[in-house]
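Colleague: Handing over target-v4.txt, compact mmCIF, C-alpha atoms.
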```txt
# COMPACT_ATOMS: atom_id res chain seq x y z
CA MET A 1014 -37.95 1.41 2.24
CA THR A 1015 -34.73 0.48 4.05
CA ALA A 1016 -32.46 -1.89 2.13
CA PRO A 1017 -32.11 -5.31 3.78
CA LEU A 1018 -29.00 -5.99 5.84
CA PRO A 1019 -26.75 -8.94 5.02
CA SER A 1020 -27.82 -12.19 6.63
CA PRO A 1021 -26.66 -15.83 6.77
CA ALA A 1022 -29.17 -16.54 4.00
CA ALA A 1023 -27.90 -13.65 1.85
CA PRO A 1024 -24.38 -12.78 3.03
CA LEU A 1025 -22.34 -9.81 1.86
CA ARG A 1026 -19.52 -11.24 -0.27
CA ILE A 1027 -16.10 -9.76 0.57
CA GLY A 1028 -13.47 -10.23 -2.13
CA THR A 1029 -9.81 -10.49 -1.18
CA ARG A 1030 -6.47 -11.99 -2.08
CA GLY A 1031 -5.60 -15.20 -0.26
CA SER A 1032 -2.37 -14.34 1.57
CA PRO A 1033 -2.44 -14.38 5.39
CA LEU A 1034 -2.15 -10.59 5.43
CA ALA A 1035 -4.91 -10.07 2.87
CA LEU A 1036 -7.18 -12.40 4.84
CA ALA A 1037 -6.38 -10.51 8.07
CA GLN A 1038 -7.47 -7.31 6.33
CA ALA A 1039 -10.68 -8.92 5.09
CA HIS A 1040 -11.39 -10.24 8.59
CA GLU A 1041 -10.84 -6.76 10.05
CA THR A 1042 -13.31 -5.36 7.51
CA ARG A 1043 -15.85 -8.03 8.42
CA ALA A 1044 -15.38 -7.40 12.16
CA ARG A 1045 -15.94 -3.66 11.74
CA LEU A 1046 -19.07 -4.23 9.65
CA MET A 1047 -20.38 -6.74 12.20
CA ALA A 1048 -19.88 -4.23 15.03
CA ALA A 1049 -21.32 -1.29 13.08
CA HIS A 1050 -24.52 -3.13 12.14
CA ASP A 1051 -24.82 -5.69 14.97
CA LEU A 1052 -24.59 -8.61 12.55
CA PRO A 1053 -23.32 -12.19 13.02
CA GLU A 1054 -20.16 -13.42 11.34
CA ASP A 1055 -22.06 -15.66 8.93
CA ALA A 1056 -23.82 -12.63 7.47
CA PHE A 1057 -20.56 -12.21 5.53
CA ALA A 1058 -18.71 -14.51 3.14
CA ILE A 1059 -14.98 -14.15 2.47
CA VAL A 1060 -14.28 -14.87 -1.22
CA VAL A 1061 -10.62 -15.53 -2.07
CA ILE A 1062 -9.52 -14.45 -5.55
CA LYS A 1063 -6.07 -15.24 -6.92
CA THR A 1064 -4.49 -12.33 -8.78
CA THR A 1065 -1.74 -12.20 -11.41
CA GLY A 1066 0.63 -10.83 -8.79
CA ASP A 1067 -0.04 -13.88 -6.61
CA ARG A 1068 0.37 -16.40 -9.42
CA VAL A 1069 3.60 -15.06 -10.94
CA ILE A 1070 6.21 -14.90 -8.19
CA ASP A 1071 9.41 -15.73 -10.09
CA ARG A 1072 9.75 -12.37 -11.87
CA PRO A 1073 9.99 -8.72 -10.75
CA LEU A 1074 6.67 -6.86 -10.72
CA LYS A 1075 7.85 -4.41 -13.38
CA GLU A 1076 8.28 -7.32 -15.82
CA ILE A 1077 4.68 -8.47 -15.50
CA GLY A 1078 2.81 -5.17 -15.52
CA GLY A 1079 3.29 -3.02 -12.41
CA LYS A 1080 0.29 -1.74 -10.45
CA GLY A 1081 -3.00 -3.54 -10.97
CA LEU A 1082 -1.35 -6.95 -10.63
CA PHE A 1083 -2.86 -7.42 -7.17
CA THR A 1084 -6.26 -5.88 -7.95
CA ARG A 1085 -7.38 -6.59 -11.52
CA GLU A 1086 -9.05 -9.96 -11.06
CA ILE A 1087 -10.73 -8.81 -7.85
CA GLU A 1088 -12.13 -5.74 -9.58
CA GLU A 1089 -13.35 -7.85 -12.49
CA SER A 1090 -15.28 -10.03 -10.02
CA LEU A 1091 -16.74 -6.92 -8.38
CA LEU A 1092 -17.89 -5.54 -11.72
CA SER A 1093 -19.42 -8.86 -12.78
CA GLY A 1094 -21.33 -9.25 -9.50
CA GLY A 1095 -19.27 -12.16 -8.17
CA ILE A 1096 -18.52 -10.19 -4.98
CA ASP A 1097 -20.14 -7.18 -3.29
CA ILE A 1098 -17.08 -5.35 -1.95
CA ALA A 1099 -13.32 -5.67 -2.47
CA VAL A 1100 -10.73 -5.20 0.27
CA HIS A 1101 -7.38 -3.83 -0.89
CA SER A 1102 -4.02 -2.74 0.48
CA MET A 1103 -4.08 0.86 -0.69
CA LYS A 1104 -0.39 0.89 -1.59
CA ASP A 1105 -1.26 -1.64 -4.33
CA MET A 1106 -4.04 0.47 -5.82
CA PRO A 1107 -3.74 2.43 -9.07
CA THR A 1108 -4.84 6.04 -8.70
CA LEU A 1109 -7.70 5.54 -11.17
CA GLN A 1110 -10.47 2.99 -10.67
CA PRO A 1111 -12.12 1.11 -13.53
CA ALA A 1112 -15.35 2.65 -14.77
CA GLY A 1113 -18.21 1.56 -12.57
CA LEU A 1114 -16.22 1.20 -9.34
CA VAL A 1115 -15.87 3.56 -6.37
CA LEU A 1116 -13.17 3.69 -3.70
CA GLU A 1117 -14.14 6.02 -0.87
CA CYS A 1118 -14.09 3.89 2.30
CA TYR A 1119 -10.86 3.52 4.29
CA LEU A 1120 -10.26 1.75 7.59
CA PRO A 1121 -8.12 3.46 10.27
CA ARG A 1122 -4.55 3.52 9.04
CA GLU A 1123 -1.95 1.32 10.71
CA ASP A 1124 1.71 2.29 11.19
CA PRO A 1125 2.84 3.44 7.71
CA ARG A 1126 6.57 2.96 8.33
CA ASP A 1127 8.82 0.31 6.83
CA ALA A 1128 10.24 -2.38 9.10
CA PHE A 1129 13.85 -3.57 9.11
CA VAL A 1130 14.01 -7.37 9.33
CA SER A 1131 17.20 -9.34 9.90
CA GLY A 1132 18.36 -12.29 11.96
CA THR A 1133 21.91 -10.94 12.31
CA VAL A 1134 21.92 -7.15 11.93
CA ALA A 1135 20.15 -4.63 14.15
CA ARG A 1136 19.76 -1.70 11.73
CA ILE A 1137 20.69 -0.45 8.27
CA ALA A 1138 23.64 1.53 9.62
CA ASP A 1139 25.19 -1.69 10.94
CA LEU A 1140 25.29 -3.42 7.54
CA ALA A 1141 28.84 -3.98 6.28
CA PRO A 1142 29.81 -3.01 2.72
CA GLY A 1143 28.76 -5.72 0.27
CA GLN A 1144 26.12 -7.30 2.50
CA VAL A 1145 23.04 -8.53 0.67
CA VAL A 1146 19.63 -6.88 1.06
CA GLY A 1147 16.51 -8.55 -0.38
CA THR A 1148 13.60 -6.49 -1.65
CA SER A 1149 11.13 -6.55 -4.54
CA SER A 1150 10.27 -2.86 -4.06
CA LEU A 1151 11.89 -0.43 -6.50
CA ARG A 1152 11.24 2.34 -3.98
CA ARG A 1153 13.05 0.58 -1.15
CA ARG A 1154 15.86 -0.48 -3.48
CA ALA A 1155 16.39 3.08 -4.73
CA GLN A 1156 16.16 4.61 -1.24
CA LEU A 1157 18.63 2.11 0.18
CA LEU A 1158 21.15 2.47 -2.66
CA HIS A 1159 20.87 6.25 -2.49
CA ARG A 1160 22.03 6.12 1.14
CA ARG A 1161 24.18 2.97 0.99
CA PRO A 1162 25.48 2.38 -2.56
CA ASP A 1163 28.01 -0.05 -1.09
CA LEU A 1164 25.30 -2.68 -0.44
CA ARG A 1165 24.12 -5.41 -2.82
CA VAL A 1166 20.38 -5.69 -3.48
CA VAL A 1167 18.68 -8.87 -4.75
CA GLU A 1168 15.10 -9.57 -5.88
CA PHE A 1169 12.98 -10.82 -2.98
CA ARG A 1170 9.33 -11.43 -3.87
CA GLY A 1171 6.57 -13.25 -2.00
CA ASN A 1172 4.25 -12.79 0.96
CA VAL A 1173 5.54 -12.18 4.49
CA GLN A 1174 5.98 -15.88 5.23
CA THR A 1175 7.83 -16.53 1.95
CA ARG A 1176 10.21 -13.63 2.51
CA LEU A 1177 11.00 -14.77 6.05
CA ARG A 1178 11.74 -18.25 4.73
CA LYS A 1179 14.13 -16.81 2.13
CA LEU A 1180 15.85 -14.80 4.85
CA ALA A 1181 16.27 -17.91 6.99
CA ASP A 1182 17.70 -19.74 3.96
CA GLY A 1183 20.42 -17.11 3.60
CA VAL A 1184 19.23 -15.58 0.33
CA ALA A 1185 19.86 -12.17 1.93
CA ASP A 1186 21.17 -10.73 5.19
CA CYS A 1187 18.12 -8.52 5.72
CA THR A 1188 14.91 -7.33 4.10
CA PHE A 1189 12.14 -4.79 4.57
CA LEU A 1190 8.46 -5.33 5.33
CA ALA A 1191 5.65 -2.96 6.24
CA MET A 1192 5.11 -2.43 9.97
CA ALA A 1193 1.37 -2.30 9.25
CA GLY A 1194 1.37 -5.83 7.87
CA LEU A 1195 3.35 -7.22 10.78
CA ASN A 1196 1.03 -5.50 13.26
CA ARG A 1197 -2.07 -6.86 11.51
CA LEU A 1198 -0.60 -10.35 11.57
CA GLY A 1199 0.15 -9.97 15.27
CA ARG A 1200 3.89 -10.32 14.60
CA PRO A 1201 5.58 -6.94 15.23
CA ASP A 1202 8.35 -8.94 16.92
CA ILE A 1203 9.59 -10.02 13.48
CA ALA A 1204 10.97 -6.51 12.93
CA ARG A 1205 14.17 -5.23 14.46
CA GLY A 1206 12.22 -2.00 14.55
CA PRO A 1207 10.42 0.55 12.40
CA ILE A 1208 12.47 2.78 10.10
CA ALA A 1209 11.95 6.51 10.63
CA PRO A 1210 10.37 8.29 7.63
CA GLU A 1211 13.42 10.57 7.63
CA ASP A 1212 15.52 7.52 6.74
CA MET A 1213 13.07 5.71 4.46
CA LEU A 1214 9.92 7.56 3.43
CA PRO A 1215 7.09 5.01 3.02
CA ALA A 1216 5.15 4.11 -0.09
CA VAL A 1217 2.10 6.20 -0.81
CA ALA A 1218 -0.88 4.88 1.20
CA GLN A 1219 1.19 2.22 2.99
CA GLY A 1220 -0.65 0.88 6.03
CA ALA A 1221 -4.13 1.80 4.75
CA ILE A 1222 -6.96 -0.58 3.78
CA GLY A 1223 -9.44 0.53 1.13
CA ILE A 1224 -12.86 -0.98 0.43
CA GLU A 1225 -14.12 -0.77 -3.14
CA ARG A 1226 -17.74 -1.07 -4.26
CA ARG A 1227 -19.83 -0.77 -7.39
CA GLU A 1228 -20.93 2.70 -8.41
CA GLY A 1229 -24.63 3.20 -7.74
CA ASP A 1230 -24.81 0.44 -5.13
CA THR A 1231 -26.51 2.56 -2.48
CA ARG A 1232 -27.13 -0.41 -0.19
CA VAL A 1233 -23.42 -1.20 0.09
CA ALA A 1234 -22.54 2.49 0.33
CA ALA A 1235 -24.81 2.76 3.39
CA LEU A 1236 -23.23 -0.34 4.94
CA LEU A 1237 -19.72 1.04 4.49
CA ALA A 1238 -20.37 4.62 5.61
CA PRO A 1239 -20.12 3.91 9.39
CA ILE A 1240 -16.73 2.21 9.13
CA HIS A 1241 -15.01 4.88 7.01
CA ASP A 1242 -12.14 6.60 8.85
CA HIS A 1243 -12.19 10.30 7.97
CA PRO A 1244 -8.59 11.13 9.06
CA THR A 1245 -7.24 8.31 6.90
CA GLY A 1246 -9.29 9.63 3.99
CA LEU A 1247 -7.76 13.10 4.41
CA ARG A 1248 -4.24 11.70 4.42
CA LEU A 1249 -4.80 9.47 1.41
CA ALA A 1250 -6.38 12.30 -0.57
CA ALA A 1251 -3.04 14.13 -0.40
CA GLU A 1252 -0.88 11.08 -1.02
CA ARG A 1253 -2.87 9.70 -3.94
CA ALA A 1254 -3.13 13.13 -5.57
CA PHE A 1255 0.66 13.32 -5.36
CA LEU A 1256 1.01 9.88 -6.93
CA ALA A 1257 -1.53 10.63 -9.66
CA ARG A 1258 0.26 13.84 -10.66
CA LEU A 1259 3.51 11.88 -10.99
CA ASP A 1260 1.75 9.09 -12.92
CA GLY A 1261 3.36 6.65 -10.50
CA SER A 1262 3.38 2.88 -10.69
CA CYS A 1263 5.33 -0.10 -9.37
CA GLU A 1264 7.95 0.82 -11.98
CA THR A 1265 8.71 4.21 -10.43
CA PRO A 1266 10.46 4.90 -7.11
CA ILE A 1267 8.05 7.30 -5.43
CA ALA A 1268 7.44 7.84 -1.72
CA GLY A 1269 4.96 10.05 0.10
CA LEU A 1270 3.55 10.50 3.58
CA ALA A 1271 0.81 12.81 4.85
CA GLU A 1272 0.42 13.38 8.59
CA LEU A 1273 -2.23 15.31 10.50
CA ASP A 1274 -1.62 17.79 13.30
CA GLY A 1275 -5.00 19.19 14.26
CA ALA A 1276 -6.27 21.21 11.31
CA THR A 1277 -2.89 21.10 9.54
CA LEU A 1278 -1.63 18.47 7.14
CA ARG A 1279 2.09 17.94 6.57
CA PHE A 1280 3.13 16.23 3.36
CA ARG A 1281 6.55 14.84 2.48
CA GLY A 1282 7.25 13.51 -0.99
CA GLU A 1283 10.27 11.95 -2.66
CA ILE A 1284 11.21 10.72 -6.13
CA LEU A 1285 14.36 8.77 -6.95
CA ARG A 1286 16.25 7.41 -9.90
CA PRO A 1287 15.70 3.65 -10.01
CA ASP A 1288 19.39 3.02 -9.35
CA GLY A 1289 19.37 5.35 -6.32
CA SER A 1290 21.96 7.68 -7.86
CA ASP A 1291 19.80 10.74 -7.22
CA ALA A 1292 16.80 11.73 -5.12
CA LEU A 1293 14.62 14.82 -4.87
CA SER A 1294 12.25 15.62 -2.01
CA GLU A 1295 9.73 18.25 -0.94
CA ASP A 1296 8.10 18.98 2.43
CA ALA A 1297 5.22 21.39 3.05
CA THR A 1298 2.08 21.98 5.13
CA ALA A 1299 -1.44 23.14 4.35
CA PRO A 1300 -4.92 23.16 5.92
CA VAL A 1301 -6.32 19.62 5.94
CA GLU A 1302 -9.05 20.52 3.45
CA ASP A 1303 -6.35 21.48 0.93
CA GLY A 1304 -4.48 18.16 1.20
CA ALA A 1305 -5.12 16.97 -2.35
CA GLU A 1306 -4.08 20.33 -3.75
CA LEU A 1307 -0.90 20.21 -1.65
CA GLY A 1308 -0.07 16.72 -2.93
CA ARG A 1309 -0.47 17.84 -6.54
CA ALA A 1310 1.58 20.99 -5.92
CA LEU A 1311 4.50 19.10 -4.40
CA ALA A 1312 4.46 16.62 -7.27
CA ALA A 1313 4.54 19.52 -9.74
CA ARG A 1314 7.52 21.04 -7.92
CA LEU A 1315 9.43 17.76 -8.07
CA LEU A 1316 8.68 17.35 -11.77
CA GLU A 1317 9.95 20.88 -12.41
CA ARG A 1318 13.19 20.12 -10.55
CA ALA A 1319 13.82 16.70 -12.08
CA PRO A 1320 15.96 16.33 -15.23
CA ARG A 1321 14.04 14.94 -18.18
CA ASP A 1322 15.71 11.53 -17.82
CA PHE A 1323 15.20 11.31 -14.04
CA PHE A 1324 12.87 8.33 -14.38
CA ASP A 1325 13.23 5.65 -17.01
CA TRP A 1326 9.55 6.12 -17.86
CA ARG A 1327 10.05 9.87 -18.46
CA ALA A 1328 12.97 9.30 -20.80
CA ALA A 1329 10.93 7.13 -23.14
```
Let me see whether you can do it: turn the structure in this file into structure tokens.
Modeller:
Amino acid sequence: MTAPLPSPAAPLRIGTRGSPLALAQAHETRARLMAAHDLPEDAFAIVVIKTTGDRVIDRPLKEIGGKGLFTREIEESLLSGGIDIAVHSMKDMPTLQPAGLVLECYLPREDPRDAFVSGTVARIADLAPGQVVGTSSLRRRAQLLHRRPDLRVVEFRGNVQTRLRKLADGVADCTFLAMAGLNRLGRPDIARGPIAPEDMLPAVAQGAIGIERREGDTRVAALLAPIHDHPTGLRLAAERAFLARLDGSCETPIAGLAELDGATLRFRGEILRPDGSDALSEDATAPVEDGAELGRALAARLLERAPRDFFDWRAA
């Protein structure tokens, strides 16, 4: 017997954070499910869940726990049956899911590049020595200081709107956002332009949306199957394998980007000292079906090359 589809009387509950960007991602998920199954909007209910990362905005992420800060409460609701699916920014996701949860559905990836945002400066190269850059990302901080140690970096947390407000208030001369987020909000004009991966390699899985479900929930698995984007899945398999091999978290400056060219996958990975004083990178290609193996192999190469104290977490 075919499982019943969601309906206004029994809607599919979509769990999400409450920021404008998170809601845009939940709405995109709903729109794709509506189109795939010819369902009305009220066959779905958006359930906003506040996470630790949303509540605590006055301290750096590394001080309050790293990855999982933007997912834990949502996953707890999924496990307890409070929601039916969870919509996540994949760059926020730990490489291991809690027991009982499955993450195997990805929407088509948006632009993975970082965006340079400033009201006064056109690009990084135009920043004068000593100018102030705001970012809460250890990766962006390390990458910037590796290339421009003459700049001053300050903590800059909050959603897109909060960061823009801080920029307007003069807390910093410029900041970085994800092009994907600006595109999904319909505001690519906020950016001076995207930053080439050669200049700032993106975070692993940046620009990708993942949809998590309960293990064994065959009804939801069938609902999600038509909206899964296979190319995005291939790219993330390589990137997340790379991250998992490095045991990466919000406390570690790690970057990685997989790109497809027909049947070939190119993977670029980078690790940095948190202060930007050193960086190591690898670049290789493989058949697309070997993407995860390539990600692990490049991570292993970087670990072999890195001094024991390269990362603070490795020196412990």
Colleague: State, in Å with one decimal place, the distance from atom CA of A:Ala1099 to atom CA of A:Arg1030.
Modeller: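 Calculated distance between atom CA of A:Ala1099 and atom CA of A:Arg1030 is 9.3 Å.
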Colleague: Give me, as an NGL selection string, all polymer residues having an atom no more than 6 Å from stretch 1170-1185 of chain A, counting all atoms listed in the file and skipping those fewer than 6 positions away in the same chain.
Modeller: :A and (1145-1147 or 1149)
Colleague: Taking all atoms listed in the file into account, which of A:Asp1322, A:Asp1097, A:Asp1105, A:Glu1283 comes nearest A:Pro1266?
Modeller: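 Residue with the minimum atom-to-atom distance to A:Pro1266: A:Glu1283.
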Colleague: A:Arg1232, A:Arg1026, A:Arg1321, A:Lys1063: which is nearest A:Glu1086, counting only C-alpha atoms?
Modeller: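 The shortest atom-to-atom distance to A:Glu1086 comes from A:Lys1063.
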Colleague: Counting all atoms listed in the file, figure out which residue out of A:Arg1314, A:Arg1279, A:Arg1226, A:Arg1197 gets nearest to A:Pro1033.
Modeller: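 Using all atoms listed in the file, the shortest distance to A:Pro1033 belongs to A:Arg1197.
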Colleague: Work out how far atom CA of A:Ala1058 is from atom CA of A:Pro1024, in Å to one decimal.
Modeller: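 Atom CA of A:Ala1058 lies at a distance of 5.9 Å from atom CA of A:Pro1024.
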Colleague: Kindly give the distance, in Å, that separates atom CA of A:Ala1312 and atom CA of A:Tyr1119, rounded to a single decimal.
Modeller: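 It comes out at 23.2 Å.
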Colleague: Which residue, A:Leu1285, A:Met1192, A:Ala1297, A:Cys1118, has the smallest gap to A:Ala1310 when you use only C-alpha atoms?
Modeller: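 Closest to A:Ala1310 of all the choices is A:Ala1297.
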Colleague: Point out the residue among A:Ala1035, A:Leu1316, A:Leu1092, A:Leu1247 with the least atom-to-atom distance to A:Ile1222, counting only C-alpha atoms.
Modeller: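 Nearest to A:Ile1222: A:Ala1035.
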Colleague: When you count only C-alpha atoms, which of these residues is closest to A:Leu1151: A:Pro1320, A:Pro1215, A:Pro1021, A:Pro1244?
Modeller: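 Of all the options, A:Pro1215 lies closest to A:Leu1151.
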Colleague: Taking (-4.9, 3.6, 10.4) as a centre in this file's frame and 9 Å as the limit, can you find every polymer residue with an atom that close, using all atoms listed in the file, and give them as a ChimeraX atom specification?
Modeller: /A:1119-1125,1193,1220-1222,1242,1244-1245
Colleague: Please work out which residues fall within 8 Å of (0.5, 25.0, 6.2), coordinates as given in the file, with only C-alpha atoms counting, and return them as JSON, numbers by chain.
Modeller: {"A": [1277, 1278, 1279, 1297, 1298, 1299, 1300]}
